[in-house]
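S.K.: Quick one: structure below, then a few questions.
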Amino acid sequence: SCTVWAGVTVTVSFIWGSCVFGQPLRSMLGSIAGLLVLFLGIIGAAASSNVQRCQRRGCEDDEDVEGQARDVTGRSAVAKSKGLLSMLIGGLVNGSLNAPFEQFAASDTGRAVSSPEFVYLLSFVLGAAACTVALLAVAKARGRPVHGRVLLAPGVLTGFYWASGYMCALYATKYLGNNVGYPLCQTSIIISGLWGILYYKEITAGLAIGTFAVSVALILAGAAMLANWALV
């Protein structure tokens with residue numbers, strides 16, 4: 001699901017930049033080829049964790065394969081439909097994340113300020129705060145614990161990391177366009193994978209690490225193709 005979510009994000013962002021905002025491309029076919037290679041690398045990076053699980057459990061055994069098949073087919077169709085719908089909506093929203101910024105930056109107000117990204121972030125922060133308040137209200141209404149004292153420090157730290165990364169994504173969109181800048185930000189899956197391998201030791205099998213290494217090469221190749229064929 002994560003791979004499809006990332007693929008939808010890249011595709012939607014590219015469509016926003018190329019088709020909606022009319023950002024020029026050096027070559028449409030070359031840009032699409034770069035997106036496909038990038039998407040293939042993202043799929044491979046996510047699949048490396050499945051390779052790890054298969055090697056741990058011995059998926060080559062017939063009994064294990066049959067057990068997994070029964071587990072998959074036994075899942076509720078409604079649950080799978082909800083997961084698929086949530087994944088598609090998440091990719092659609094994430095891919096459209098910088099579209100309001102593009103509209104603001106192209107407006108008279110945005111062109112009148114020297115740093116539209118800073119002005120834009122002020123309203124963005126208000127939206128994020130409103131969403132947080134709404135989530136807290138839902139949690140309280142349903143009687144779910146929020147563990148504020150335990151999660152305050154890691155939550156604030158993660159929010160700071162994410163906001164810093166999003167600021168860089170805004171600059172990427174500002175200077176490279178929505179059809180190139182934000183899709184290239186999805187190469188962050190490489191850093192996430194390296195955390196899992198080097199620090200958390202989530203992937204230790206040789207075949208799984210090899211799969212991830214090949215996927216990283218594809219992601220970088222796709223990013224280079226996109227930068228070469230999409231940037232004018």
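Chain labels follow the order of the structure tokens: the first chain is A, the next B, and so on; residue numbering restarts at 1 in every chain, and ligands are counted from 1 in their shown order.
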Write out as a ChimeraX atom specification the residues lying within 12 Å of Val146 (chain A), counting only C-alpha atoms and excluding same-chain residues fewer than 5 positions away.
M.R.: /A:132,135-141,151-152,155
S.K.: Write out, as JSON lines, each residue of region 20-43 of chain A that has an atom at most 12 Å from region 186-207 of chain A, together with the closest pair of atoms and their distance in Å to one decimal, counting only C-alpha atoms, rows going by chain and rising number.
M.R.:
{"residue": "A:Leu35", "atom": "CA", "partner": "A:Gln186", "partner_atom": "CA", "distance": 11.0}
{"residue": "A:Val37", "atom": "CA", "partner": "A:Thr187", "partner_atom": "CA", "distance": 11.9}
{"residue": "A:Leu38", "atom": "CA", "partner": "A:Thr187", "partner_atom": "CA", "distance": 8.2}
{"residue": "A:Phe39", "atom": "CA", "partner": "A:Gln186", "partner_atom": "CA", "distance": 9.6}
{"residue": "A:Leu40", "atom": "CA", "partner": "A:Thr187", "partner_atom": "CA", "distance": 11.9}
{"residue": "A:Gly41", "atom": "CA", "partner": "A:Thr187", "partner_atom": "CA", "distance": 9.3}
{"residue": "A:Ile42", "atom": "CA", "partner": "A:Ile189", "partner_atom": "CA", "distance": 7.3}
{"residue": "A:Ile43", "atom": "CA", "partner": "A:Ile189", "partner_atom": "CA", "distance": 10.3}
S.K.: Just to be explicit: take each residue in the selection above, keep N, CA and C atoms, and write the result as a PDB file, in the first residue's frame.
M.R.:
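Okay, this is what ended up in part11.pdb:
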ATOM      1  N   LEU A  35       9.473   9.108 -14.335  1.00  0.00           N
ATOM      2  CA  LEU A  35       8.500   8.818 -13.280  1.00  0.00           C
ATOM      3  C   LEU A  35       8.296   7.321 -13.113  1.00  0.00           C
ATOM      4  N   VAL A  37      10.432   4.864 -13.852  1.00  0.00           N
ATOM      5  CA  VAL A  37      11.616   4.280 -13.219  1.00  0.00           C
ATOM      6  C   VAL A  37      11.647   4.611 -11.730  1.00  0.00           C
ATOM      7  N   LEU A  38      11.289   5.849 -11.388  1.00  0.00           N
ATOM      8  CA  LEU A  38      11.227   6.260  -9.983  1.00  0.00           C
ATOM      9  C   LEU A  38      10.198   5.428  -9.230  1.00  0.00           C
ATOM     10  N   PHE A  39       9.032   5.224  -9.848  1.00  0.00           N
ATOM     11  CA  PHE A  39       7.975   4.439  -9.229  1.00  0.00           C
ATOM     12  C   PHE A  39       8.415   2.991  -9.050  1.00  0.00           C
ATOM     13  N   LEU A  40       9.114   2.441 -10.051  1.00  0.00           N
ATOM     14  CA  LEU A  40       9.610   1.068  -9.954  1.00  0.00           C
ATOM     15  C   LEU A  40      10.595   0.915  -8.808  1.00  0.00           C
ATOM     16  N   GLY A  41      11.462   1.913  -8.635  1.00  0.00           N
ATOM     17  CA  GLY A  41      12.404   1.873  -7.521  1.00  0.00           C
ATOM     18  C   GLY A  41      11.709   1.944  -6.174  1.00  0.00           C
ATOM     19  N   ILE A  42      10.656   2.758  -6.078  1.00  0.00           N
ATOM     20  CA  ILE A  42       9.893   2.849  -4.825  1.00  0.00           C
ATOM     21  C   ILE A  42       9.237   1.515  -4.506  1.00  0.00           C
ATOM     22  N   ILE A  43       8.685   0.847  -5.524  1.00  0.00           N
ATOM     23  CA  ILE A  43       8.074  -0.464  -5.320  1.00  0.00           C
ATOM     24  C   ILE A  43       9.108  -1.460  -4.805  1.00  0.00           C
TER      25      ILE A  43
END
S.K.: Which residue out of A:Ala208, A:Leu176, A:Val93, A:Cys185 has the minimum interatomic distance to Leu25 (chain A) when only C-alpha atoms are used?
M.R.: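 Between A:Ala208, A:Leu176, A:Val93, A:Cys185, the residue approaching Leu25 (chain A) most closely is A:Leu176.
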S.K.: Counting only C-alpha atoms, figure out which residue out of A:Met167, A:Leu184, A:Leu88, A:Leu226 gets nearest to Leu29 (chain A).
M.R.: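 Between A:Met167, A:Leu184, A:Leu88, A:Leu226, the residue approaching Leu29 (chain A) most closely is A:Leu226.
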S.K.: May I ask which of the residues A:Trp229, A:Phe160, A:Tyr175, A:Phe104 is the closest one to Ser31 (chain A), counting only C-alpha atoms?
M.R.: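 With only C-alpha atoms as the atom set, the closest residue is A:Trp229.
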S.K.: So, with only C-alpha atoms as the atoms that count, which of A:Leu85, A:Cys54, A:Val12, A:Ala33 lies closest to Ala224 (chain A)?
M.R.: A:Ala33
S.K.: Name all residues at most 10 Å from Leu92 (chain A) (count only C-alpha atoms; drop same-chain ones fewer than 5 positions away) and give them as a VMD selection string.
M.R.: chain A and resid 5 to 13 86 to 87 97
S.K.: Those selected residues, please, written with N, CA, C and O atoms and delivered as a PDB file, in the first residue's frame.
M.R.:
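This went into selection-v4.pdb:
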ATOM      1  N   TRP A   5       0.692   4.329  -2.631  1.00  0.00           N
ATOM      2  CA  TRP A   5       0.489   5.681  -2.073  1.00  0.00           C
ATOM      3  C   TRP A   5       1.557   6.633  -2.594  1.00  0.00           C
ATOM      4  O   TRP A   5       1.255   7.750  -3.032  1.00  0.00           O
ATOM      5  N   ALA A   6       2.824   6.205  -2.568  1.00  0.00           N
ATOM      6  CA  ALA A   6       3.908   7.046  -3.064  1.00  0.00           C
ATOM      7  C   ALA A   6       3.778   7.263  -4.567  1.00  0.00           C
ATOM      8  O   ALA A   6       4.030   8.364  -5.072  1.00  0.00           O
ATOM      9  N   GLY A   7       3.374   6.213  -5.291  1.00  0.00           N
ATOM     10  CA  GLY A   7       3.194   6.352  -6.730  1.00  0.00           C
ATOM     11  C   GLY A   7       2.083   7.318  -7.082  1.00  0.00           C
ATOM     12  O   GLY A   7       2.221   8.122  -8.020  1.00  0.00           O
ATOM     13  N   VAL A   8       0.977   7.261  -6.338  1.00  0.00           N
ATOM     14  CA  VAL A   8      -0.125   8.198  -6.564  1.00  0.00           C
ATOM     15  C   VAL A   8       0.328   9.620  -6.246  1.00  0.00           C
ATOM     16  O   VAL A   8       0.003  10.573  -6.975  1.00  0.00           O
ATOM     17  N   THR A   9       1.111   9.777  -5.180  1.00  0.00           N
ATOM     18  CA  THR A   9       1.633  11.097  -4.819  1.00  0.00           C
ATOM     19  C   THR A   9       2.462  11.694  -5.945  1.00  0.00           C
ATOM     20  O   THR A   9       2.278  12.856  -6.344  1.00  0.00           O
ATOM     21  N   VAL A  10       3.392  10.908  -6.481  1.00  0.00           N
ATOM     22  CA  VAL A  10       4.261  11.378  -7.561  1.00  0.00           C
ATOM     23  C   VAL A  10       3.447  11.732  -8.793  1.00  0.00           C
ATOM     24  O   VAL A  10       3.649  12.776  -9.427  1.00  0.00           O
ATOM     25  N   THR A  11       2.497  10.850  -9.146  1.00  0.00           N
ATOM     26  CA  THR A  11       1.699  11.067 -10.350  1.00  0.00           C
ATOM     27  C   THR A  11       0.820  12.305 -10.229  1.00  0.00           C
ATOM     28  O   THR A  11       0.751  13.133 -11.155  1.00  0.00           O
ATOM     29  N   VAL A  12       0.141  12.445  -9.085  1.00  0.00           N
ATOM     30  CA  VAL A  12      -0.764  13.582  -8.892  1.00  0.00           C
ATOM     31  C   VAL A  12       0.018  14.892  -8.891  1.00  0.00           C
ATOM     32  O   VAL A  12      -0.402  15.889  -9.500  1.00  0.00           O
ATOM     33  N   SER A  13       1.164  14.911  -8.230  1.00  0.00           N
ATOM     34  CA  SER A  13       1.984  16.120  -8.198  1.00  0.00           C
ATOM     35  C   SER A  13       2.456  16.497  -9.599  1.00  0.00           C
ATOM     36  O   SER A  13       2.451  17.674  -9.983  1.00  0.00           O
ATOM     37  N   SER A  86      -8.581   4.569   1.540  1.00  0.00           N
ATOM     38  CA  SER A  86      -7.762   5.454   2.369  1.00  0.00           C
ATOM     39  C   SER A  86      -6.414   5.718   1.720  1.00  0.00           C
ATOM     40  O   SER A  86      -5.901   6.844   1.748  1.00  0.00           O
ATOM     41  N   MET A  87      -5.835   4.669   1.118  1.00  0.00           N
ATOM     42  CA  MET A  87      -4.542   4.805   0.469  1.00  0.00           C
ATOM     43  C   MET A  87      -4.625   5.755  -0.723  1.00  0.00           C
ATOM     44  O   MET A  87      -3.777   6.637  -0.901  1.00  0.00           O
ATOM     45  N   LEU A  97      -0.512  18.519  -2.129  1.00  0.00           N
ATOM     46  CA  LEU A  97      -0.151  19.296  -0.949  1.00  0.00           C
ATOM     47  C   LEU A  97       0.389  20.682  -1.298  1.00  0.00           C
ATOM     48  O   LEU A  97       0.101  21.672  -0.611  1.00  0.00           O
TER      49      LEU A  97
END
S.K.: Give the alpha helix (DSSP H) residues of region 80-184 of chain A, as assigned by DSSP on the backbone, as a VMD selection string.
M.R.: chain A and resid 80 to 95 99 to 106 108 to 112 116 to 141 148 to 176 181 to 184
S.K.: So, with only C-alpha atoms as the atoms that count, which of A:Val51, A:Ala45, A:Ala169, A:Ala106 lies closest to Pro183 (chain A)?
M.R.: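 Counting only C-alpha atoms, the residue closest to Pro183 (chain A) is A:Ala169.
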S.K.: Neighbours of Val119 (chain A) within 10 Å (only C-alpha atoms; same-chain residues fewer than 6 positions away dropped), as number ranges by chain?
M.R.: A: 104-105, 110, 113
S.K.: Check the smallest atom-to-atom distance from each of A:Ser107, A:Met28, A:Ala134, A:Arg142 to Leu231 (chain A) using only C-alpha atoms, then report the winner.
M.R.: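 Of A:Ser107, A:Met28, A:Ala134, A:Arg142, the one nearest Leu231 (chain A) is A:Met28, counting only C-alpha atoms.
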S.K.: Which neighbours of Tyr171 (chain A) fall inside 12 Å, counting only C-alpha atoms, when residues of the same chain fewer than 3 positions from it are skipped, and could you give them as a PyMOL selection string?
M.R.: chain A and resi 98+101-102+105+115-118+120-121+164-168+174-178+180-182+185
S.K.: Grab the CA of Trp162 (chain A) to CA of Pro100 (chain A) distance for me, in Å with one decimal place.
M.R.: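 Between CA of Trp162 (chain A) and CA of Pro100 (chain A) the gap is 18.5 Å.
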